[in-house]
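Here is the file run-v5.pdb (PDB, C-alpha atoms and all ligand atoms).
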ATOM      1  CA  MET A   1       0.000   0.000   0.000  1.00  0.00           C
ATOM      2  CA  THR A   2       1.428   3.396  -0.924  1.00  0.00           C
ATOM      3  CA  SER A   3       0.449   6.734   0.573  1.00  0.00           C
ATOM      4  CA  GLY A   4      -1.266   9.304  -1.608  1.00  0.00           C
ATOM      5  CA  LEU A   5       1.920  11.338  -1.828  1.00  0.00           C
ATOM      6  CA  GLU A   6       4.030   8.342  -2.901  1.00  0.00           C
ATOM      7  CA  ARG A   7       1.453   7.594  -5.565  1.00  0.00           C
ATOM      8  CA  ASN A   8       1.635  11.235  -6.674  1.00  0.00           C
ATOM      9  CA  ILE A   9       5.407  10.859  -7.195  1.00  0.00           C
ATOM     10  CA  HIS A  10       4.820   7.756  -9.327  1.00  0.00           C
ATOM     11  CA  ILE A  11       2.199   9.622 -11.379  1.00  0.00           C
ATOM     12  CA  LYS A  12       4.530  12.597 -11.842  1.00  0.00           C
ATOM     13  CA  ASN A  13       7.409  10.327 -12.899  1.00  0.00           C
ATOM     14  CA  TYR A  14       5.118   8.424 -15.262  1.00  0.00           C
ATOM     15  CA  ILE A  15       3.894  11.611 -16.971  1.00  0.00           C
ATOM     16  CA  ASN A  16       7.428  12.968 -17.040  1.00  0.00           C
ATOM     17  CA  SER A  17       8.960   9.892 -18.694  1.00  0.00           C
ATOM     18  CA  LEU A  18       6.213   9.556 -21.289  1.00  0.00           C
ATOM     19  CA  PHE A  19       5.443  13.192 -22.129  1.00  0.00           C
ATOM     20  CA  ALA A  20       7.952  15.648 -20.688  1.00  0.00           C
ATOM     21  CA  GLU A  21      11.467  14.227 -20.919  1.00  0.00           C
ATOM     22  CA  GLU A  22      14.027  17.055 -20.949  1.00  0.00           C
ATOM     23  CA  ASP A  23      16.591  17.417 -23.679  1.00  0.00           C
ATOM     24  CA  PRO A  24      20.276  17.923 -22.703  1.00  0.00           C
ATOM     25  CA  ILE A  25      19.919  21.713 -23.034  1.00  0.00           C
ATOM     26  CA  LEU A  26      17.242  21.880 -20.328  1.00  0.00           C
ATOM     27  CA  THR A  27      19.180  19.465 -18.117  1.00  0.00           C
ATOM     28  CA  ALA A  28      22.215  21.759 -18.452  1.00  0.00           C
ATOM     29  CA  VAL A  29      20.029  24.749 -17.542  1.00  0.00           C
ATOM     30  CA  ARG A  30      19.081  23.049 -14.274  1.00  0.00           C
ATOM     31  CA  GLU A  31      22.698  22.099 -13.613  1.00  0.00           C
ATOM     32  CA  ARG A  32      23.967  25.645 -14.188  1.00  0.00           C
ATOM     33  CA  SER A  33      21.233  27.006 -11.925  1.00  0.00           C
ATOM     34  CA  LYS A  34      22.166  24.537  -9.211  1.00  0.00           C
ATOM     35  CA  ALA A  35      25.877  25.374  -9.552  1.00  0.00           C
ATOM     36  CA  ALA A  36      24.989  29.066  -9.137  1.00  0.00           C
ATOM     37  CA  GLY A  37      23.327  28.185  -5.819  1.00  0.00           C
ATOM     38  CA  PHE A  38      19.746  28.864  -6.906  1.00  0.00           C
ATOM     39  CA  PRO A  39      16.964  27.214  -4.899  1.00  0.00           C
ATOM     40  CA  ASN A  40      15.434  24.165  -6.559  1.00  0.00           C
ATOM     41  CA  ILE A  41      12.101  25.868  -7.206  1.00  0.00           C
ATOM     42  CA  HIS A  42      11.857  25.995 -11.002  1.00  0.00           C
ATOM     43  CA  VAL A  43       8.773  24.359 -12.514  1.00  0.00           C
ATOM     44  CA  PRO A  44       9.024  20.575 -12.951  1.00  0.00           C
ATOM     45  CA  SER A  45       9.388  19.459 -16.580  1.00  0.00           C
ATOM     46  CA  THR A  46       5.763  18.257 -16.534  1.00  0.00           C
ATOM     47  CA  VAL A  47       4.663  21.862 -15.869  1.00  0.00           C
ATOM     48  CA  GLY A  48       7.250  23.121 -18.381  1.00  0.00           C
ATOM     49  CA  LYS A  49       5.627  20.938 -21.052  1.00  0.00           C
ATOM     50  CA  LEU A  50       2.178  22.140 -19.999  1.00  0.00           C
ATOM     51  CA  LEU A  51       3.347  25.764 -20.399  1.00  0.00           C
ATOM     52  CA  TYR A  52       4.792  24.882 -23.804  1.00  0.00           C
ATOM     53  CA  CYS A  53       1.547  23.241 -24.978  1.00  0.00           C
ATOM     54  CA  LEU A  54      -0.616  26.128 -23.766  1.00  0.00           C
ATOM     55  CA  ALA A  55       1.711  28.578 -25.515  1.00  0.00           C
ATOM     56  CA  LYS A  56       1.531  26.552 -28.747  1.00  0.00           C
ATOM     57  CA  ILE A  57      -2.280  26.748 -28.628  1.00  0.00           C
ATOM     58  CA  GLN A  58      -2.168  30.496 -27.944  1.00  0.00           C
ATOM     59  CA  ARG A  59       0.347  31.184 -30.771  1.00  0.00           C
ATOM     60  CA  PRO A  60       1.754  34.271 -29.023  1.00  0.00           C
ATOM     61  CA  GLN A  61       3.793  36.972 -30.715  1.00  0.00           C
ATOM     62  CA  ARG A  62       4.691  38.448 -27.346  1.00  0.00           C
ATOM     63  CA  ILE A  63       5.241  36.603 -24.061  1.00  0.00           C
ATOM     64  CA  LEU A  64       5.983  38.231 -20.698  1.00  0.00           C
ATOM     65  CA  GLU A  65       7.343  36.309 -17.703  1.00  0.00           C
ATOM     66  CA  LEU A  66       7.605  37.646 -14.148  1.00  0.00           C
ATOM     67  CA  GLY A  67      10.332  35.760 -12.250  1.00  0.00           C
ATOM     68  CA  THR A  68      13.097  34.309 -14.434  1.00  0.00           C
ATOM     69  CA  LEU A  69      15.291  32.452 -11.894  1.00  0.00           C
ATOM     70  CA  GLY A  70      17.630  30.353 -14.122  1.00  0.00           C
ATOM     71  CA  GLY A  71      15.437  30.618 -17.210  1.00  0.00           C
ATOM     72  CA  TYR A  72      14.069  27.069 -17.113  1.00  0.00           C
ATOM     73  CA  SER A  73      10.389  27.924 -17.694  1.00  0.00           C
ATOM     74  CA  THR A  74      11.565  30.764 -19.949  1.00  0.00           C
ATOM     75  CA  ILE A  75      13.070  28.237 -22.355  1.00  0.00           C
ATOM     76  CA  TRP A  76      10.031  25.917 -22.301  1.00  0.00           C
ATOM     77  CA  LEU A  77       7.811  28.900 -23.180  1.00  0.00           C
ATOM     78  CA  ALA A  78      10.156  30.481 -25.746  1.00  0.00           C
ATOM     79  CA  ARG A  79      10.428  27.188 -27.618  1.00  0.00           C
ATOM     80  CA  ALA A  80       6.716  27.550 -28.410  1.00  0.00           C
ATOM     81  CA  LEU A  81       7.269  30.899 -30.160  1.00  0.00           C
ATOM     82  CA  SER A  82       7.181  31.219 -33.929  1.00  0.00           C
ATOM     83  CA  PRO A  83      10.420  32.659 -35.392  1.00  0.00           C
ATOM     84  CA  GLU A  84       8.949  36.187 -35.261  1.00  0.00           C
ATOM     85  CA  GLY A  85       7.766  35.792 -31.642  1.00  0.00           C
ATOM     86  CA  ARG A  86       9.490  37.597 -28.774  1.00  0.00           C
ATOM     87  CA  MET A  87       9.648  37.083 -25.018  1.00  0.00           C
ATOM     88  CA  ILE A  88      10.585  39.388 -22.149  1.00  0.00           C
ATOM     89  CA  SER A  89      11.402  37.893 -18.747  1.00  0.00           C
ATOM     90  CA  ILE A  90      11.913  40.049 -15.653  1.00  0.00           C
ATOM     91  CA  ASP A  91      13.911  39.297 -12.508  1.00  0.00           C
ATOM     92  CA  ARG A  92      15.292  41.653  -9.884  1.00  0.00           C
ATOM     93  CA  ILE A  93      18.264  39.517  -8.801  1.00  0.00           C
ATOM     94  CA  PRO A  94      21.377  40.253 -10.924  1.00  0.00           C
ATOM     95  CA  LEU A  95      22.740  36.695 -10.625  1.00  0.00           C
ATOM     96  CA  HIS A  96      19.410  35.288 -11.873  1.00  0.00           C
ATOM     97  CA  VAL A  97      19.672  37.651 -14.829  1.00  0.00           C
ATOM     98  CA  SER A  98      23.258  36.733 -15.743  1.00  0.00           C
ATOM     99  CA  VAL A  99      22.773  32.962 -15.371  1.00  0.00           C
ATOM    100  CA  SER A 100      19.450  32.947 -17.233  1.00  0.00           C
ATOM    101  CA  ARG A 101      20.950  34.999 -20.075  1.00  0.00           C
ATOM    102  CA  GLU A 102      23.715  32.420 -20.373  1.00  0.00           C
ATOM    103  CA  ASN A 103      21.127  29.630 -20.349  1.00  0.00           C
ATOM    104  CA  VAL A 104      19.031  31.366 -22.997  1.00  0.00           C
ATOM    105  CA  ARG A 105      22.142  31.726 -25.151  1.00  0.00           C
ATOM    106  CA  HIS A 106      22.991  28.033 -24.767  1.00  0.00           C
ATOM    107  CA  ALA A 107      19.439  27.243 -25.855  1.00  0.00           C
ATOM    108  CA  GLY A 108      19.943  29.374 -28.984  1.00  0.00           C
ATOM    109  CA  LEU A 109      17.051  31.670 -28.039  1.00  0.00           C
ATOM    110  CA  GLN A 110      19.023  34.884 -27.453  1.00  0.00           C
ATOM    111  CA  ASP A 111      17.482  36.625 -30.481  1.00  0.00           C
ATOM    112  CA  GLN A 112      13.953  36.008 -29.200  1.00  0.00           C
ATOM    113  CA  VAL A 113      14.277  36.263 -25.436  1.00  0.00           C
ATOM    114  CA  GLU A 114      15.270  39.393 -23.523  1.00  0.00           C
ATOM    115  CA  VAL A 115      15.937  39.043 -19.790  1.00  0.00           C
ATOM    116  CA  ARG A 116      15.404  42.407 -18.076  1.00  0.00           C
ATOM    117  CA  GLU A 117      16.846  43.173 -14.663  1.00  0.00           C
ATOM    118  CA  GLY A 118      14.647  45.088 -12.274  1.00  0.00           C
ATOM    119  CA  ASP A 119      11.701  45.187  -9.953  1.00  0.00           C
ATOM    120  CA  ALA A 120       8.661  43.739 -11.728  1.00  0.00           C
ATOM    121  CA  SER A 121       6.269  46.386 -10.340  1.00  0.00           C
ATOM    122  CA  ASP A 122       8.459  49.270 -11.524  1.00  0.00           C
ATOM    123  CA  MET A 123       8.965  47.705 -14.926  1.00  0.00           C
ATOM    124  CA  LEU A 124       5.278  46.937 -15.459  1.00  0.00           C
ATOM    125  CA  ILE A 125       4.378  50.536 -14.606  1.00  0.00           C
ATOM    126  CA  GLU A 126       7.046  51.752 -17.013  1.00  0.00           C
ATOM    127  CA  MET A 127       5.887  49.444 -19.825  1.00  0.00           C
ATOM    128  CA  ALA A 128       2.292  50.611 -19.376  1.00  0.00           C
ATOM    129  CA  ALA A 129       3.419  54.284 -19.363  1.00  0.00           C
ATOM    130  CA  ASN A 130       5.315  53.630 -22.606  1.00  0.00           C
ATOM    131  CA  GLN A 131       2.121  52.103 -24.059  1.00  0.00           C
ATOM    132  CA  GLU A 132       3.931  48.922 -25.034  1.00  0.00           C
ATOM    133  CA  LYS A 133       1.971  46.543 -27.231  1.00  0.00           C
ATOM    134  CA  PRO A 134      -0.160  44.068 -25.261  1.00  0.00           C
ATOM    135  CA  PHE A 135       1.225  40.633 -24.480  1.00  0.00           C
ATOM    136  CA  ASP A 136      -0.528  37.512 -25.769  1.00  0.00           C
ATOM    137  CA  LEU A 137       0.680  35.337 -22.892  1.00  0.00           C
ATOM    138  CA  ILE A 138       1.879  36.330 -19.423  1.00  0.00           C
ATOM    139  CA  PHE A 139       3.419  33.849 -16.976  1.00  0.00           C
ATOM    140  CA  ILE A 140       3.498  34.948 -13.331  1.00  0.00           C
ATOM    141  CA  ASP A 141       6.040  33.042 -11.211  1.00  0.00           C
ATOM    142  CA  ALA A 142       7.588  35.697  -8.942  1.00  0.00           C
ATOM    143  CA  ASN A 143       7.239  36.495  -5.222  1.00  0.00           C
ATOM    144  CA  LYS A 144       3.832  35.274  -4.106  1.00  0.00           C
ATOM    145  CA  ASP A 145       2.889  38.122  -1.743  1.00  0.00           C
ATOM    146  CA  ASP A 146       2.762  40.495  -4.727  1.00  0.00           C
ATOM    147  CA  TYR A 147       0.655  38.313  -7.073  1.00  0.00           C
ATOM    148  CA  PRO A 148      -2.457  40.539  -6.543  1.00  0.00           C
ATOM    149  CA  LEU A 149      -0.375  43.643  -7.268  1.00  0.00           C
ATOM    150  CA  TYR A 150       1.152  42.082 -10.391  1.00  0.00           C
ATOM    151  CA  LEU A 151      -2.321  41.172 -11.644  1.00  0.00           C
ATOM    152  CA  ASN A 152      -3.374  44.822 -11.419  1.00  0.00           C
ATOM    153  CA  LEU A 153      -0.182  46.046 -13.060  1.00  0.00           C
ATOM    154  CA  ILE A 154      -0.286  43.645 -16.021  1.00  0.00           C
ATOM    155  CA  LEU A 155      -3.867  44.564 -16.967  1.00  0.00           C
ATOM    156  CA  PRO A 156      -2.847  47.588 -19.103  1.00  0.00           C
ATOM    157  CA  LEU A 157      -0.481  45.199 -20.924  1.00  0.00           C
ATOM    158  CA  THR A 158      -3.224  42.721 -21.884  1.00  0.00           C
ATOM    159  CA  ARG A 159      -5.848  42.536 -24.615  1.00  0.00           C
ATOM    160  CA  SER A 160      -9.075  40.566 -24.907  1.00  0.00           C
ATOM    161  CA  GLY A 161      -7.838  36.983 -25.247  1.00  0.00           C
ATOM    162  CA  THR A 162      -4.533  37.355 -23.413  1.00  0.00           C
ATOM    163  CA  LEU A 163      -3.680  34.139 -21.590  1.00  0.00           C
ATOM    164  CA  ILE A 164      -2.447  34.626 -18.020  1.00  0.00           C
ATOM    165  CA  LEU A 165      -0.699  31.597 -16.507  1.00  0.00           C
ATOM    166  CA  SER A 166       0.198  31.707 -12.811  1.00  0.00           C
ATOM    167  CA  ASP A 167       2.420  29.242 -10.960  1.00  0.00           C
ATOM    168  CA  ASN A 168       1.951  27.922  -7.438  1.00  0.00           C
ATOM    169  CA  LEU A 169      -1.673  28.772  -6.732  1.00  0.00           C
ATOM    170  CA  ILE A 170      -2.011  26.200  -3.932  1.00  0.00           C
ATOM    171  CA  PRO A 171       0.220  27.293  -1.027  1.00  0.00           C
ATOM    172  CA  LYS A 172       2.166  24.716   0.990  1.00  0.00           C
ATOM    173  CA  GLU A 173       1.148  23.306   4.352  1.00  0.00           C
ATOM    174  CA  GLN A 174      -1.976  25.336   4.806  1.00  0.00           C
ATOM    175  CA  GLU A 175      -5.574  24.709   5.467  1.00  0.00           C
ATOM    176  CA  ILE A 176      -6.785  25.055   1.891  1.00  0.00           C
ATOM    177  CA  GLY A 177      -8.342  28.445   1.242  1.00  0.00           C
ATOM    178  CA  ASN A 178      -7.647  29.666   4.765  1.00  0.00           C
ATOM    179  CA  PRO A 179      -4.145  31.176   5.092  1.00  0.00           C
ATOM    180  CA  ALA A 180      -2.597  32.041   8.445  1.00  0.00           C
ATOM    181  CA  PRO A 181      -2.793  35.806   9.083  1.00  0.00           C
ATOM    182  CA  ASN A 182       1.012  36.073   9.282  1.00  0.00           C
ATOM    183  CA  ASP A 183       1.670  34.131   6.051  1.00  0.00           C
ATOM    184  CA  VAL A 184       1.890  36.950   3.522  1.00  0.00           C
ATOM    185  CA  GLU A 185       2.660  34.610   0.616  1.00  0.00           C
ATOM    186  CA  ALA A 186      -0.386  32.411   1.179  1.00  0.00           C
ATOM    187  CA  GLN A 187      -2.493  35.536   1.796  1.00  0.00           C
ATOM    188  CA  GLY A 188      -1.349  36.895  -1.560  1.00  0.00           C
ATOM    189  CA  ILE A 189      -2.082  33.657  -3.403  1.00  0.00           C
ATOM    190  CA  TYR A 190      -5.583  33.182  -1.969  1.00  0.00           C
ATOM    191  CA  GLN A 191      -6.434  36.831  -2.659  1.00  0.00           C
ATOM    192  CA  PHE A 192      -5.204  36.326  -6.233  1.00  0.00           C
ATOM    193  CA  ASN A 193      -7.315  33.175  -6.618  1.00  0.00           C
ATOM    194  CA  GLU A 194     -10.466  34.994  -5.429  1.00  0.00           C
ATOM    195  CA  ARG A 195      -9.817  37.723  -7.976  1.00  0.00           C
ATOM    196  CA  ILE A 196      -9.236  35.494 -11.026  1.00  0.00           C
ATOM    197  CA  ALA A 197     -12.244  33.391  -9.972  1.00  0.00           C
ATOM    198  CA  LYS A 198     -14.726  36.202  -9.343  1.00  0.00           C
ATOM    199  CA  ASP A 199     -13.698  39.221 -11.413  1.00  0.00           C
ATOM    200  CA  PRO A 200     -15.847  39.119 -14.589  1.00  0.00           C
ATOM    201  CA  LEU A 201     -12.795  40.309 -16.522  1.00  0.00           C
ATOM    202  CA  PHE A 202     -11.381  36.783 -16.379  1.00  0.00           C
ATOM    203  CA  GLU A 203     -12.407  33.233 -17.206  1.00  0.00           C
ATOM    204  CA  SER A 204     -10.194  31.021 -15.060  1.00  0.00           C
ATOM    205  CA  ILE A 205      -9.427  27.590 -13.714  1.00  0.00           C
ATOM    206  CA  LEU A 206      -6.696  26.099 -11.547  1.00  0.00           C
ATOM    207  CA  ALA A 207      -5.114  23.028 -13.149  1.00  0.00           C
ATOM    208  CA  THR A 208      -3.632  20.872 -10.394  1.00  0.00           C
ATOM    209  CA  THR A 209       0.018  19.900 -10.752  1.00  0.00           C
ATOM    210  CA  ILE A 210       2.335  17.570  -8.839  1.00  0.00           C
ATOM    211  CA  VAL A 211       5.530  19.303  -7.753  1.00  0.00           C
ATOM    212  CA  GLY A 212       8.684  18.739  -5.742  1.00  0.00           C
ATOM    213  CA  GLU A 213      10.372  15.569  -4.561  1.00  0.00           C
ATOM    214  CA  LYS A 214       7.540  14.886  -2.138  1.00  0.00           C
ATOM    215  CA  GLY A 215       4.782  14.916  -4.739  1.00  0.00           C
ATOM    216  CA  ARG A 216       2.899  17.892  -3.309  1.00  0.00           C
ATOM    217  CA  VAL A 217      -0.246  18.962  -5.122  1.00  0.00           C
ATOM    218  CA  ASP A 218       0.002  22.533  -6.421  1.00  0.00           C
ATOM    219  CA  ALA A 219      -1.830  24.314  -9.250  1.00  0.00           C
ATOM    220  CA  LEU A 220      -1.213  26.335 -12.379  1.00  0.00           C
ATOM    221  CA  GLY A 221      -3.718  29.152 -12.865  1.00  0.00           C
ATOM    222  CA  ILE A 222      -5.117  29.512 -16.378  1.00  0.00           C
ATOM    223  CA  SER A 223      -6.978  32.766 -16.987  1.00  0.00           C
ATOM    224  CA  ILE A 224      -8.280  34.236 -20.209  1.00  0.00           C
ATOM    225  CA  VAL A 225      -8.860  37.988 -20.327  1.00  0.00           C
ATOM    226  CA  LYS A 226     -12.404  38.551 -21.615  1.00  0.00           C
TER     227      LYS A 226
HETATM  228  C1  LIG B 301       8.566  27.358  -4.595  1.00  0.00           C
HETATM  229  C2  LIG B 301       8.121  26.834  -5.800  1.00  0.00           C
HETATM  230  C3  LIG B 301       7.896  27.676  -6.862  1.00  0.00           C
HETATM  231  O1  LIG B 301       7.458  27.204  -8.071  1.00  0.00           O
HETATM  232  C4  LIG B 301       8.076  29.044  -6.726  1.00  0.00           C
HETATM  233  O2  LIG B 301       7.797  29.831  -7.790  1.00  0.00           O
HETATM  234  C5  LIG B 301       8.515  29.581  -5.528  1.00  0.00           C
HETATM  235  C6  LIG B 301       8.760  28.731  -4.461  1.00  0.00           C
HETATM  236  C7  LIG B 301       8.837  26.444  -3.475  1.00  0.00           C
HETATM  237  O3  LIG B 301       8.688  25.234  -3.658  1.00  0.00           O
HETATM  238  O4  LIG B 301       9.219  26.926  -2.400  1.00  0.00           O
HETATM  239 MG    MG B 302       6.876  28.714  -9.313  1.00  0.00          MG
END
Output the file's structure as structure tokens, nothing else.
Ligand code: DHB
Ligand code: MG
Amino acid sequence: MTSGLERNIHIKNYINSLFAEEDPILTAVRERSKAAGFPNIHVPSTVGKLLYCLAKIQRPQRILELGTLGGYSTIWLARALSPEGRMISIDRIPLHVSVSRENVRHAGLQDQVEVREGDASDMLIEMAANQEKPFDLIFIDANKDDYPLYLNLILPLTRSGTLILSDNLIPKEQEIGNPAPNDVEAQGIYQFNERIAKDPLFESILATTIVGEKGRVDALGISIVK
């Protein structure tokens, strides 16, 4: 008899081996990120493949990512771009920016992907002030306490039909839907979930995912701007 979590690991490994096997470039991306001392919190390859498939369906010309880390999800998403497509990924930590740029270069995506260094809030405000063209797909995977803020700040950079994908919408070790008052990350996530569920501007669902070595259930938010 296996516990639910052990079974989750088997399911994740099964899906991974059949549908989401990494190529050597993505394996090297993880290795470089690990060597740089980054926390092991990039999306699993199963979620990377899900991002890739959703991006292929959306056929984006412009992708925006908040939270680059080593560029692992960046590369999954950018591989779904057509040759004319472009992607901007934002991270405020200089070492994330330098390592992810190197990873993007190794993946041969340097002409399509621009990693920008800076605070996501500042940069979103600046992009909106510059009236940048709307993005077709936005992936939110940055600090969780600011997810509700980021949702407000990306709105001027969306159009009807923009696909908003959001990582980690089920916080760890919490009573589901009822965050502790001192847990600002879980507070942010549950506030974000209420908004994408109830605001008539969005049509949304959370797709459950299995993440981490322990097989925890998490979720990827999928929202379409009406
Ligand atoms: C963790 C996982 C993530 O995907 C993330 O964006 C941030 C943190 C984590 O497991 O701690
Ligand atoms: Mg994440």
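Distances to Lys133 in chain A were evaluated for A:Arg92, A:Arg62, A:Ile176, A:Glu31 using only C-alpha atoms, and the minimum falls at A:Arg62.
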Within 8 Å of ligand LIG 301 (chain B), which residues show up when you count all atoms listed in the file? List them as an MDAnalysis selection string, please. chainID A and resid 40:43 67 141:144 167:168 211:212
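Counting from CA of Ser121 in chain A, the distance to CA of Arg216 in chain A is 29.5 Å.
Shortest separation to ligand MG 302 (chain B) among A:Ala197, A:Val47, A:Leu64, A:Leu95 occurs at residue A:Val47, atoms counted being all atoms listed in the file.
CA of Tyr147 in chain A lies 6.2 Å from CA of Phe192 in chain A.
Closest approach to Thr27 in chain A among A:Asn182, A:Thr68, A:Gln61, A:Asn103 is made by A:Asn103 (distances from all atoms listed in the file).
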If you apply the PyMOL selection byres (((chain A and resi 77) around 9) and not hetatm) to this file, what residues do you get, as a ChimeraX atom specification? /A:48-49,51-56,63,72-76,78-81,87
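Distances here use only C-alpha atoms and all ligand atoms; by that measure, the residue among A:Lys34, A:Ser89, A:Pro156, A:Asp218 closest to ligand MG 302 (chain B) is A:Asp218.
Take CA of Gly4 in chain A and CA of Gly188 in chain A: the distance between them is 27.6 Å.
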Residue contacts of Leu5 in chain A (7 Å, all atoms listed in the file) excluding same-chain residues fewer than 3 positions away, as a ChimeraX atom specification: /A:8-9,214-216
Keeping only C-alpha atoms, take the residues you just selected and write them out as a tab-separated table (two decimals), keeping the file's coordinate frame.
chain	number	residue	atom	x	y	z
A	8	ASN	CA	1.64	11.24	-6.67
A	9	ILE	CA	5.41	10.86	-7.20
A	214	LYS	CA	7.54	14.89	-2.14
A	215	GLY	CA	4.78	14.92	-4.74
A	216	ARG	CA	2.90	17.89	-3.31
Could you expand the PyMOL selection byres (((chain A and resi 206) around 10) and not hetatm) into the explicit residues it covers here, written as a ChimeraX atom specification? /A:165-170,193,196-197,204-205,207-209,218-223
For the structure shown, which residues end up in the PyMOL selection byres (((chain A and resi 110) around 12) and not hetatm)? Put them as a list in words, please? Gly71, Thr74, Ile75, Ala78, Arg79, Pro83, Arg86, Met87, Ile88, Ser89, Ser100, Arg101, Glu102, Asn103, Val104, Arg105, His106, Ala107, Gly108, Leu109, Asp111, Gln112, Val113, Glu114 and Val115 of chain A
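Take the candidates A:Gln58, A:Ser45, A:Phe38, A:Gly177 and check each one against Asp23 in chain A using only C-alpha atoms; the shortest distance goes to A:Ser45.
Using all atoms listed in the file, the smallest distance between any of A:Ile140, A:Val99, A:Ile90, A:Ala28 and ligand MG 302 (chain B) comes from A:Ile140.
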Tell me which protein, DNA and RNA residues are within 10 Å of Leu124 in chain A, counting all atoms listed in the file, leaving out same-chain ones fewer than 5 positions away, and put them as a VMD selection string. chain A and resid 66 90 119 129 to 130 132 150 152 to 157
What does the file look like for those residues with C-alpha atoms, as a JSON list (two decimals), in the coordinates of the input?
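Produced file selection-v5.json, reproduced below:
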[["chain", "number", "residue", "atom", "x", "y", "z"],
["A", 66, "LEU", "CA", 7.60, 37.65, -14.15],
["A", 90, "ILE", "CA", 11.91, 40.05, -15.65],
["A", 119, "ASP", "CA", 11.70, 45.19, -9.95],
["A", 129, "ALA", "CA", 3.42, 54.28, -19.36],
["A", 130, "ASN", "CA", 5.32, 53.63, -22.61],
["A", 132, "GLU", "CA", 3.93, 48.92, -25.03],
["A", 150, "TYR", "CA", 1.15, 42.08, -10.39],
["A", 152, "ASN", "CA", -3.37, 44.82, -11.42],
["A", 153, "LEU", "CA", -0.18, 46.05, -13.06],
["A", 154, "ILE", "CA", -0.29, 43.64, -16.02],
["A", 155, "LEU", "CA", -3.87, 44.56, -16.97],
["A", 156, "PRO", "CA", -2.85, 47.59, -19.10],
["A", 157, "LEU", "CA", -0.48, 45.20, -20.92]]
Please return the centre and edge lengths, in Å to one decimal, of a box with edges along x, y and z that contains all listed atoms of range 129-146 of chain A, widened by 6 Å on every side, as AutoDock Vina command-line options.
--center_x 3.5 --center_y 43.7 --center_z -14.5 --size_x 20.1 --size_y 33.2 --size_z 37.5
Which residues, written as an MDAnalysis selection string, have at least one atom at most 12 Å from Val184 in chain A, with all atoms listed in the file counted and residues fewer than 2 positions away on the same chain left out? chainID A and resid 143:148 171 179:182 186:191
I'd like the neighbourhood of Pro200 in chain A as a PyMOL selection string, where a residue qualifies if any of its atoms comes within 12 Å (using all atoms listed in the file), though same-chain residues fewer than 6 positions away should be ignored. chain A and resi 194+223-226
